[in-house]
Amino acid sequence: MKRRAWLAAAATLSSVAALGGLAGCAAPVLRGTGDLGVVIGRANGTLYLVDTSSRALIGEVPGLGDLSHASVVFSRDGRFAYVFGRDGALTMVDLLTQRIARRILQAGNSIGGAISADGTLVAAQNYTPGGVKVFDARTLALVADVPAEYAPGKRSRVVGLVDLPGRRFAYSLFDADAIWVTDCSDPKQVTTQTFEGIGRQPYDALVTPDGRHYIAGLFGEDGLAMVDLWAEQPKVRRILGGYGKGQQPLPVYKMPHLRGWAVAGRRAYLPAIGRHEVLVVDTDSWQEVGRIPVAGQPVFVMARPDGRQVWVNFAVPDYHRVQVIDTQRQQVVQTLEPGKAVLHMEFTPRGDAVWISSRDDDRVSVVDTQGFATRARLQVPAPSGIFFTARAARMGF
């Protein structure tokens, strides 16, 4: 081997080791990460790795603990998945070597997290103890600990954590009726801006794709709380006063997941709490402009990347169904039954297909979004969340 080629190969192997590959392991398969993704195996603490182009399982990584409410974010280059477990574990998985690169137990009860816009920080939102912890994305060393203490000795459960431009994170305090924005641009002097009295029991939230509006859903009363983060002096504004359980609420079997809210063009499509409806909202005025009847109580309402379709799944007893809304016609145009207990949906980066997990059938279905034919079925034990590396380039995901 020529000296130049030998030096290049040696440099590549050194980079692999530095990024979390274990000593003595073979170099990763030469592949890009743009068509990779993961499926959460909630029953056995395993992360299943998939290739979205070949529609195939390509590996699995066990030993991730309690994944009953797990979520995932990705490094900027799409190589590493950061898995937030319900047991408070934060696990960094190398998708190329298909191994755990690093793993820490950072809390007692955690329900998700986010990665900063520049990819340098990973933040976990915690129920126990209530608060947010921020870690170095490369080493998982603790950078900041922000207790959600709203009264002496009282900490709130944290929900709705999202990334914002400028190494900032926004999140809601369920027990404190508050929204906080933490700025980690200077890790030695982390600051937090608080918005109090936003409404009762914020249970989840989202940030709009442009990073401007942070919106929290309220379980304790109708309406939503919104902060315009571009304002010179941001403040909370209440919107959609009729949004929520309303005058004749149905039993809420499962809380809607607001991170799945769909923004398509000038409209947002929102799951109505305790109703068999999807709400349509104008994102300029933030006024309701329509309601679309659906088969059950929506959980996820997700837009195809081009915004032409919105896909909806449901809580029990309708959680074997998925419906498709045509955003031009503003009505349901297709009803599918991909399997028992549909828990999550994820579009391929350009929306040619959607992957759907059916927990009770141990199945992930890959469905064509044009003709609605099933293109593949993968056997995965009790699958729940599906996450593709395209999320690395999206704010709030």
# chains A, B, ... in the order shown; residues from 1 in each chain; ligands from 1
>>> residues_around(residues="Gly78 in chain A", least_positions_apart="6", cutoff="7 Å", atoms="only C-alpha atoms", output="list in words")
Thr33, Gly34, Thr389 and Ala392 of chain A
>>> closest_atom_pairs(of="range 63-96 of chain A", to="range 106-114 of chain A", cutoff="9 Å", atoms="only C-alpha atoms", output="JSON lines")
{"residue": "A:His69", "atom": "CA", "partner": "A:Ile111", "partner_atom": "CA", "distance": 6.1}
{"residue": "A:Ala70", "atom": "CA", "partner": "A:Ile111", "partner_atom": "CA", "distance": 6.6}
{"residue": "A:Ser71", "atom": "CA", "partner": "A:Gly112", "partner_atom": "CA", "distance": 5.4}
{"residue": "A:Val72", "atom": "CA", "partner": "A:Gly112", "partner_atom": "CA", "distance": 7.5}
{"residue": "A:Val73", "atom": "CA", "partner": "A:Ala114", "partner_atom": "CA", "distance": 6.3}
{"residue": "A:Phe74", "atom": "CA", "partner": "A:Ala114", "partner_atom": "CA", "distance": 8.9}
{"residue": "A:Tyr82", "atom": "CA", "partner": "A:Gly113", "partner_atom": "CA", "distance": 8.8}
{"residue": "A:Val83", "atom": "CA", "partner": "A:Gly112", "partner_atom": "CA", "distance": 8.2}
{"residue": "A:Phe84", "atom": "CA", "partner": "A:Gly112", "partner_atom": "CA", "distance": 5.3}
{"residue": "A:Gly85", "atom": "CA", "partner": "A:Ser110", "partner_atom": "CA", "distance": 6.3}
{"residue": "A:Arg86", "atom": "CA", "partner": "A:Ser110", "partner_atom": "CA", "distance": 4.9}
{"residue": "A:Asp87", "atom": "CA", "partner": "A:Asn109", "partner_atom": "CA", "distance": 5.1}
{"residue": "A:Gly88", "atom": "CA", "partner": "A:Ala107", "partner_atom": "CA", "distance": 4.3}
{"residue": "A:Ala89", "atom": "CA", "partner": "A:Gln106", "partner_atom": "CA", "distance": 5.8}
{"residue": "A:Leu90", "atom": "CA", "partner": "A:Gln106", "partner_atom": "CA", "distance": 6.7}
>>> select_by_dssp(residues="range 124-336 of chain A", states="strand (DSSP E)", output="PyMOL selection string")
chain A and resi 124-128+131-136+142-147+149-151+154-155+158-164+168-173+178-183+191-196+202-207+213-218+224-228+236-239+262-264+267-271+277-282+287-293+298-303+309-314+322-326+331-336
>>> closest_atom_pairs(of="range 91-180 of chain A", to="range 198-204 of chain A", cutoff="10 Å", atoms="only C-alpha atoms", output="tab-separated table")
residue	atom	partner	partner_atom	distance
A:Arg157	CA	A:Tyr203	CA	9.5
A:Val158	CA	A:Tyr203	CA	8.7
A:Val159	CA	A:Asp204	CA	5.4
A:Gly160	CA	A:Asp204	CA	4.4
A:Leu161	CA	A:Asp204	CA	8.2
A:Tyr171	CA	A:Asp204	CA	8.6
A:Ser172	CA	A:Pro202	CA	6.3
A:Leu173	CA	A:Pro202	CA	6.7
A:Phe174	CA	A:Gln201	CA	4.7
A:Asp175	CA	A:Gln201	CA	6.2
A:Ala176	CA	A:Gln201	CA	7.5
A:Asp177	CA	A:Arg200	CA	5.4
A:Ala178	CA	A:Ile198	CA	5.6
A:Ile179	CA	A:Ile198	CA	7.2
>>> residues_around(residues="Asp163 in chain A", least_positions_apart="6", cutoff="12 Å", atoms="only C-alpha atoms", output="MDAnalysis selection string")
chainID A and resid 73 113:125 134 169:171 181:184 205:214 259 392:397
>>> write_last_selection(atoms="N, CA and C atoms", output="short mmCIF file (atom, residue, chain, number, x, y, z; two decimals), in the first residue's frame")
data_model
loop_
_atom_site.label_atom_id
_atom_site.label_comp_id
_atom_site.auth_asym_id
_atom_site.auth_seq_id
_atom_site.Cartn_x
_atom_site.Cartn_y
_atom_site.Cartn_z
N VAL A 73 -33.35 11.98 19.08
CA VAL A 73 -32.87 13.05 18.21
C VAL A 73 -31.53 12.60 17.62
N GLY A 113 -36.31 14.78 24.81
CA GLY A 113 -35.22 15.73 24.79
C GLY A 113 -35.10 16.43 23.46
N ALA A 114 -34.02 17.17 23.30
CA ALA A 114 -33.78 17.94 22.09
C ALA A 114 -32.28 18.11 21.91
N ILE A 115 -31.88 18.50 20.69
CA ILE A 115 -30.48 18.79 20.40
C ILE A 115 -30.41 20.22 19.88
N SER A 116 -29.37 20.95 20.27
CA SER A 116 -29.27 22.36 19.92
C SER A 116 -29.09 22.53 18.41
N ALA A 117 -29.40 23.72 17.92
CA ALA A 117 -29.34 23.99 16.50
C ALA A 117 -27.96 23.76 15.92
N ASP A 118 -26.91 24.03 16.70
CA ASP A 118 -25.55 23.83 16.21
C ASP A 118 -25.03 22.42 16.46
N GLY A 119 -25.85 21.56 17.07
CA GLY A 119 -25.49 20.16 17.27
C GLY A 119 -24.52 19.90 18.40
N THR A 120 -24.23 20.90 19.22
CA THR A 120 -23.21 20.71 20.26
C THR A 120 -23.78 20.31 21.61
N LEU A 121 -25.07 20.52 21.83
CA LEU A 121 -25.68 20.28 23.13
C LEU A 121 -26.90 19.39 23.00
N VAL A 122 -27.06 18.49 23.94
CA VAL A 122 -28.25 17.64 24.03
C VAL A 122 -28.92 17.92 25.37
N ALA A 123 -30.23 18.18 25.33
CA ALA A 123 -30.98 18.51 26.54
C ALA A 123 -32.04 17.45 26.80
N ALA A 124 -32.20 17.07 28.06
CA ALA A 124 -33.21 16.09 28.48
C ALA A 124 -34.24 16.76 29.36
N GLN A 125 -35.53 16.46 29.09
CA GLN A 125 -36.61 16.97 29.95
C GLN A 125 -37.01 15.88 30.92
N VAL A 134 -28.56 19.59 30.51
CA VAL A 134 -27.95 19.82 29.21
C VAL A 134 -26.57 19.18 29.20
N PHE A 169 -33.26 26.56 24.44
CA PHE A 169 -34.30 25.53 24.55
C PHE A 169 -35.52 26.15 25.22
N ALA A 170 -36.70 25.82 24.69
CA ALA A 170 -37.96 26.24 25.32
C ALA A 170 -38.68 25.00 25.83
N TYR A 171 -39.38 25.16 26.94
CA TYR A 171 -40.10 24.03 27.52
C TYR A 171 -41.19 24.54 28.46
N VAL A 181 -37.59 29.59 28.90
CA VAL A 181 -36.65 29.56 27.78
C VAL A 181 -35.25 29.68 28.35
N THR A 182 -34.44 28.64 28.16
CA THR A 182 -33.09 28.60 28.71
C THR A 182 -32.07 28.82 27.61
N ASP A 183 -31.16 29.76 27.84
CA ASP A 183 -30.13 30.15 26.88
C ASP A 183 -28.79 29.56 27.34
N CYS A 184 -28.25 28.65 26.52
CA CYS A 184 -26.98 27.99 26.85
C CYS A 184 -25.85 28.47 25.94
N ALA A 205 -45.91 20.68 23.75
CA ALA A 205 -45.75 21.92 23.00
C ALA A 205 -44.99 21.65 21.72
N LEU A 206 -44.96 22.69 20.87
CA LEU A 206 -44.18 22.62 19.63
C LEU A 206 -43.58 23.99 19.35
N VAL A 207 -42.62 24.01 18.44
CA VAL A 207 -42.13 25.26 17.88
C VAL A 207 -42.40 25.21 16.38
N THR A 208 -42.88 26.31 15.80
CA THR A 208 -43.17 26.33 14.38
C THR A 208 -41.87 26.16 13.59
N PRO A 209 -41.96 25.69 12.35
CA PRO A 209 -40.75 25.35 11.59
C PRO A 209 -39.75 26.49 11.43
N ASP A 210 -40.22 27.75 11.51
CA ASP A 210 -39.30 28.88 11.39
C ASP A 210 -38.69 29.29 12.73
N GLY A 211 -39.06 28.60 13.81
CA GLY A 211 -38.51 28.90 15.12
C GLY A 211 -39.12 30.11 15.79
N ARG A 212 -40.19 30.64 15.24
CA ARG A 212 -40.74 31.88 15.78
C ARG A 212 -41.72 31.68 16.92
N HIS A 213 -42.67 30.78 16.77
CA HIS A 213 -43.74 30.64 17.75
C HIS A 213 -43.60 29.33 18.53
N TYR A 214 -43.58 29.47 19.84
CA TYR A 214 -43.63 28.30 20.73
C TYR A 214 -45.06 28.24 21.26
N ARG A 259 -45.94 17.56 19.26
CA ARG A 259 -44.79 17.57 18.36
C ARG A 259 -45.18 17.03 16.99
N ALA A 392 -32.53 15.50 11.71
CA ALA A 392 -31.36 16.28 12.11
C ALA A 392 -31.35 17.68 11.50
N ALA A 393 -32.03 17.83 10.37
CA ALA A 393 -32.05 19.12 9.67
C ALA A 393 -33.31 19.92 9.95
N ARG A 394 -34.15 19.47 10.90
CA ARG A 394 -35.42 20.14 11.16
C ARG A 394 -35.46 20.71 12.58
N MET A 395 -35.90 21.94 12.72
CA MET A 395 -36.05 22.54 14.03
C MET A 395 -37.24 21.92 14.75
N GLY A 396 -37.09 21.70 16.04
CA GLY A 396 -38.19 21.15 16.83
C GLY A 396 -38.36 19.66 16.73
N PHE A 397 -37.45 18.98 16.04
CA PHE A 397 -37.51 17.53 15.90
C PHE A 397 -36.23 16.86 16.38
#
>>> closest_residue(among="A:Gly371, A:Pro129, A:Pro317, A:Gly166", to="Gly153 in chain A", atoms="only C-alpha atoms")
A:Pro129
>>> atom_distance(atom1="CA of Leu64 in chain A", atom2="CA of Asp360 in chain A")
20.7 Å
>>> residues_around(residues="Val263 in chain A", least_positions_apart="6", cutoff="9 Å", atoms="only C-alpha atoms", output="list of chain:residue names")
A:Thr208, A:Pro209, A:Tyr269, A:Leu270, A:Thr283, A:Met302, A:Ala303, A:Gly307
>>> write_last_selection(atoms="N, CA and C atoms", output="PDB file, in the first residue's frame")
ATOM      1  N   THR A 208     -42.877  26.309  15.804  1.00  0.00           N
ATOM      2  CA  THR A 208     -43.166  26.334  14.376  1.00  0.00           C
ATOM      3  C   THR A 208     -41.869  26.162  13.589  1.00  0.00           C
ATOM      4  N   PRO A 209     -41.955  25.691  12.345  1.00  0.00           N
ATOM      5  CA  PRO A 209     -40.746  25.353  11.586  1.00  0.00           C
ATOM      6  C   PRO A 209     -39.748  26.494  11.426  1.00  0.00           C
ATOM      7  N   TYR A 269     -52.691  22.001  11.378  1.00  0.00           N
ATOM      8  CA  TYR A 269     -53.716  20.987  11.629  1.00  0.00           C
ATOM      9  C   TYR A 269     -53.436  20.395  13.005  1.00  0.00           C
ATOM     10  N   LEU A 270     -54.397  20.518  13.909  1.00  0.00           N
ATOM     11  CA  LEU A 270     -54.170  20.195  15.309  1.00  0.00           C
ATOM     12  C   LEU A 270     -55.126  19.110  15.786  1.00  0.00           C
ATOM     13  N   THR A 283     -52.114  30.249  10.235  1.00  0.00           N
ATOM     14  CA  THR A 283     -50.907  30.542  10.996  1.00  0.00           C
ATOM     15  C   THR A 283     -50.477  32.006  10.919  1.00  0.00           C
ATOM     16  N   MET A 302     -49.895  14.513  11.373  1.00  0.00           N
ATOM     17  CA  MET A 302     -48.594  14.770  10.764  1.00  0.00           C
ATOM     18  C   MET A 302     -48.724  15.063   9.273  1.00  0.00           C
ATOM     19  N   ALA A 303     -48.009  16.103   8.829  1.00  0.00           N
ATOM     20  CA  ALA A 303     -48.071  16.504   7.428  1.00  0.00           C
ATOM     21  C   ALA A 303     -46.992  15.804   6.617  1.00  0.00           C
ATOM     22  N   GLY A 307     -46.744  18.971   2.324  1.00  0.00           N
ATOM     23  CA  GLY A 307     -47.927  19.625   2.852  1.00  0.00           C
ATOM     24  C   GLY A 307     -49.230  19.264   2.172  1.00  0.00           C
TER      25      GLY A 307
END
>>> residues_around(residues="Val93 in chain A", least_positions_apart="4", cutoff="6 Å", atoms="only C-alpha atoms", output="count of residues only")
5
>>> residues_around(residues="Gly339 in chain A", least_positions_apart="6", cutoff="10 Å", atoms="only C-alpha atoms", output="compact mmCIF listing (two decimals) with N, CA, C and O atoms, in the first residue's frame")
# COMPACT_ATOMS: atom_id res chain seq x y z
N TYR A 319 -57.53 2.75 17.60
CA TYR A 319 -56.10 2.86 17.33
C TYR A 319 -55.56 1.81 16.36
O TYR A 319 -54.34 1.64 16.25
N HIS A 320 -56.46 1.18 15.63
CA HIS A 320 -56.02 0.31 14.53
C HIS A 320 -56.14 1.03 13.19
O HIS A 320 -55.77 0.47 12.16
N ARG A 321 -56.64 2.26 13.22
CA ARG A 321 -56.88 2.99 11.98
C ARG A 321 -55.87 4.14 11.78
O ARG A 321 -55.34 4.69 12.73
N VAL A 322 -55.71 4.50 10.51
CA VAL A 322 -55.00 5.71 10.11
C VAL A 322 -55.84 6.36 9.02
O VAL A 322 -56.33 5.67 8.12
N ILE A 356 -45.27 3.08 9.51
CA ILE A 356 -46.28 3.06 10.55
C ILE A 356 -46.01 1.88 11.49
O ILE A 356 -45.89 0.74 11.04
N SER A 357 -45.95 2.16 12.79
CA SER A 357 -45.73 1.09 13.77
C SER A 357 -47.05 0.60 14.32
O SER A 357 -47.93 1.39 14.68
N SER A 358 -47.21 -0.73 14.38
CA SER A 358 -48.39 -1.38 14.96
C SER A 358 -47.91 -2.28 16.10
O SER A 358 -47.48 -3.41 15.88
N ARG A 359 -47.99 -1.75 17.31
CA ARG A 359 -47.37 -2.42 18.46
C ARG A 359 -47.90 -3.83 18.68
O ARG A 359 -47.12 -4.78 18.86
N ASP A 360 -49.22 -4.00 18.67
CA ASP A 360 -49.79 -5.30 19.05
C ASP A 360 -49.69 -6.35 17.95
O ASP A 360 -49.99 -7.53 18.20
N ASP A 361 -49.29 -5.95 16.76
CA ASP A 361 -49.03 -6.91 15.68
C ASP A 361 -47.55 -7.10 15.42
O ASP A 361 -47.18 -7.80 14.47
N ASP A 362 -46.71 -6.46 16.26
CA ASP A 362 -45.25 -6.58 16.10
C ASP A 362 -44.84 -6.26 14.66
O ASP A 362 -44.03 -6.98 14.06
N ARG A 363 -45.35 -5.15 14.15
CA ARG A 363 -45.18 -4.88 12.73
C ARG A 363 -44.93 -3.40 12.46
O ARG A 363 -45.52 -2.53 13.10
N VAL A 364 -44.04 -3.15 11.50
CA VAL A 364 -43.88 -1.83 10.91
C VAL A 364 -44.25 -1.94 9.44
O VAL A 364 -43.70 -2.77 8.71
N SER A 365 -45.21 -1.12 9.01
CA SER A 365 -45.65 -1.14 7.62
C SER A 365 -45.10 0.08 6.89
O SER A 365 -45.08 1.19 7.44
>>> residues_around(residues="Asp352 in chain A", least_positions_apart="3", cutoff="12 Å", atoms="only C-alpha atoms", output="list in words")
Thr52, Ser53, Arg304, Pro305, Asp306, Arg308, Gln309, Glu346, Phe347, Thr348, Pro349, Trp355, Val366, Val367, Asp368, Thr369, Gln370, Gly371, Phe372, Ala373 and Arg375 of chain A
>>> decode(residues="range 269-283 of chain A", atoms="all heavy atoms", output="mmCIF file, in the first residue's frame")
data_model
loop_
_atom_site.group_PDB
_atom_site.id
_atom_site.type_symbol
_atom_site.label_atom_id
_atom_site.label_comp_id
_atom_site.auth_asym_id
_atom_site.auth_seq_id
_atom_site.Cartn_x
_atom_site.Cartn_y
_atom_site.Cartn_z
ATOM 1 N N TYR A 269 -52.691 22.001 11.378
ATOM 2 C CA TYR A 269 -53.716 20.987 11.629
ATOM 3 C C TYR A 269 -53.436 20.395 13.005
ATOM 4 O O TYR A 269 -52.366 19.825 13.245
ATOM 5 C CB TYR A 269 -53.683 19.917 10.540
ATOM 6 C CG TYR A 269 -54.031 20.463 9.177
ATOM 7 C CD1 TYR A 269 -53.080 21.133 8.415
ATOM 8 C CD2 TYR A 269 -55.319 20.340 8.666
ATOM 9 C CE1 TYR A 269 -53.400 21.670 7.172
ATOM 10 C CE2 TYR A 269 -55.649 20.863 7.421
ATOM 11 C CZ TYR A 269 -54.688 21.526 6.688
ATOM 12 O OH TYR A 269 -55.007 22.057 5.462
ATOM 13 N N LEU A 270 -54.397 20.518 13.909
ATOM 14 C CA LEU A 270 -54.170 20.195 15.309
ATOM 15 C C LEU A 270 -55.126 19.110 15.786
ATOM 16 O O LEU A 270 -56.317 19.144 15.459
ATOM 17 C CB LEU A 270 -54.381 21.431 16.192
ATOM 18 C CG LEU A 270 -53.810 22.753 15.700
ATOM 19 C CD1 LEU A 270 -54.118 23.857 16.698
ATOM 20 C CD2 LEU A 270 -52.318 22.652 15.480
ATOM 21 N N PRO A 271 -54.640 18.162 16.589
ATOM 22 C CA PRO A 271 -55.547 17.158 17.168
ATOM 23 C C PRO A 271 -56.385 17.788 18.269
ATOM 24 O O PRO A 271 -55.863 18.430 19.176
ATOM 25 C CB PRO A 271 -54.584 16.101 17.727
ATOM 26 C CG PRO A 271 -53.332 16.869 18.036
ATOM 27 C CD PRO A 271 -53.242 17.970 17.009
ATOM 28 N N ALA A 272 -57.695 17.648 18.184
ATOM 29 C CA ALA A 272 -58.585 18.205 19.198
ATOM 30 C C ALA A 272 -58.622 17.272 20.408
ATOM 31 O O ALA A 272 -58.826 16.067 20.267
ATOM 32 C CB ALA A 272 -59.988 18.394 18.630
ATOM 33 N N ILE A 273 -58.428 17.837 21.586
ATOM 34 C CA ILE A 273 -58.427 17.040 22.814
ATOM 35 C C ILE A 273 -59.836 16.528 23.085
ATOM 36 O O ILE A 273 -60.795 17.297 23.160
ATOM 37 C CB ILE A 273 -57.944 17.871 24.015
ATOM 38 C CG1 ILE A 273 -56.548 18.434 23.772
ATOM 39 C CG2 ILE A 273 -57.961 17.034 25.289
ATOM 40 C CD1 ILE A 273 -56.078 19.367 24.859
ATOM 41 N N GLY A 274 -59.971 15.211 23.218
ATOM 42 C CA GLY A 274 -61.250 14.635 23.589
ATOM 43 C C GLY A 274 -62.331 14.800 22.539
ATOM 44 O O GLY A 274 -63.520 14.720 22.856
ATOM 45 N N ARG A 275 -61.956 14.998 21.277
ATOM 46 C CA ARG A 275 -62.940 15.148 20.210
ATOM 47 C C ARG A 275 -62.506 14.344 18.995
ATOM 48 O O ARG A 275 -61.319 14.074 18.819
ATOM 49 C CB ARG A 275 -63.125 16.615 19.826
ATOM 50 C CG ARG A 275 -63.788 17.447 20.909
ATOM 51 C CD ARG A 275 -64.151 18.829 20.418
ATOM 52 N NE ARG A 275 -64.914 19.556 21.427
ATOM 53 C CZ ARG A 275 -66.219 19.435 21.621
ATOM 54 N NH1 ARG A 275 -66.928 18.612 20.864
ATOM 55 N NH2 ARG A 275 -66.839 20.119 22.563
ATOM 56 N N HIS A 276 -63.449 14.003 18.156
ATOM 57 C CA HIS A 276 -63.148 13.280 16.926
ATOM 58 C C HIS A 276 -63.011 14.284 15.792
ATOM 59 O O HIS A 276 -63.717 14.232 14.791
ATOM 60 C CB HIS A 276 -64.250 12.259 16.636
ATOM 61 C CG HIS A 276 -64.338 11.165 17.657
ATOM 62 N ND1 HIS A 276 -65.322 10.198 17.618
ATOM 63 C CD2 HIS A 276 -63.564 10.877 18.734
ATOM 64 C CE1 HIS A 276 -65.148 9.367 18.644
ATOM 65 N NE2 HIS A 276 -64.089 9.763 19.327
ATOM 66 N N GLU A 277 -62.065 15.193 15.973
ATOM 67 C CA GLU A 277 -61.877 16.272 15.011
ATOM 68 C C GLU A 277 -60.409 16.653 14.899
ATOM 69 O O GLU A 277 -59.649 16.513 15.858
ATOM 70 C CB GLU A 277 -62.660 17.525 15.433
ATOM 71 C CG GLU A 277 -64.164 17.370 15.442
ATOM 72 C CD GLU A 277 -64.852 18.588 16.033
ATOM 73 O OE1 GLU A 277 -64.261 19.241 16.914
ATOM 74 O OE2 GLU A 277 -65.983 18.872 15.603
ATOM 75 N N VAL A 278 -60.059 17.158 13.716
ATOM 76 C CA VAL A 278 -58.792 17.839 13.503
ATOM 77 C C VAL A 278 -59.112 19.308 13.254
ATOM 78 O O VAL A 278 -59.944 19.635 12.400
ATOM 79 C CB VAL A 278 -58.023 17.242 12.310
ATOM 80 C CG1 VAL A 278 -56.830 18.117 11.930
ATOM 81 C CG2 VAL A 278 -57.550 15.828 12.642
ATOM 82 N N LEU A 279 -58.488 20.187 14.023
ATOM 83 C CA LEU A 279 -58.732 21.612 13.877
ATOM 84 C C LEU A 279 -57.790 22.202 12.826
ATOM 85 O O LEU A 279 -56.622 21.821 12.748
ATOM 86 C CB LEU A 279 -58.510 22.342 15.204
ATOM 87 C CG LEU A 279 -59.696 22.400 16.171
ATOM 88 C CD1 LEU A 279 -60.101 21.013 16.617
ATOM 89 C CD2 LEU A 279 -59.358 23.264 17.374
ATOM 90 N N VAL A 280 -58.311 23.134 12.041
ATOM 91 C CA VAL A 280 -57.527 23.815 11.016
ATOM 92 C C VAL A 280 -57.362 25.269 11.436
ATOM 93 O O VAL A 280 -58.351 25.945 11.757
ATOM 94 C CB VAL A 280 -58.215 23.731 9.636
ATOM 95 C CG1 VAL A 280 -57.295 24.309 8.557
ATOM 96 C CG2 VAL A 280 -58.595 22.293 9.310
ATOM 97 N N VAL A 281 -56.126 25.741 11.446
ATOM 98 C CA VAL A 281 -55.816 27.066 11.980
ATOM 99 C C VAL A 281 -54.994 27.859 10.970
ATOM 100 O O VAL A 281 -54.059 27.321 10.365
ATOM 101 C CB VAL A 281 -55.028 26.936 13.311
ATOM 102 C CG1 VAL A 281 -54.647 28.307 13.856
ATOM 103 C CG2 VAL A 281 -55.848 26.167 14.334
ATOM 104 N N ASP A 282 -55.336 29.118 10.787
ATOM 105 C CA ASP A 282 -54.545 30.024 9.955
ATOM 106 C C ASP A 282 -53.329 30.476 10.755
ATOM 107 O O ASP A 282 -53.471 31.040 11.848
ATOM 108 C CB ASP A 282 -55.391 31.225 9.555
ATOM 109 C CG ASP A 282 -54.667 32.166 8.613
ATOM 110 O OD1 ASP A 282 -53.692 32.823 9.049
ATOM 111 O OD2 ASP A 282 -55.051 32.259 7.440
ATOM 112 N N THR A 283 -52.114 30.249 10.235
ATOM 113 C CA THR A 283 -50.907 30.542 10.996
ATOM 114 C C THR A 283 -50.477 32.006 10.919
ATOM 115 O O THR A 283 -49.493 32.379 11.540
ATOM 116 C CB THR A 283 -49.739 29.643 10.541
ATOM 117 O OG1 THR A 283 -49.532 29.817 9.135
ATOM 118 C CG2 THR A 283 -50.025 28.183 10.838
#
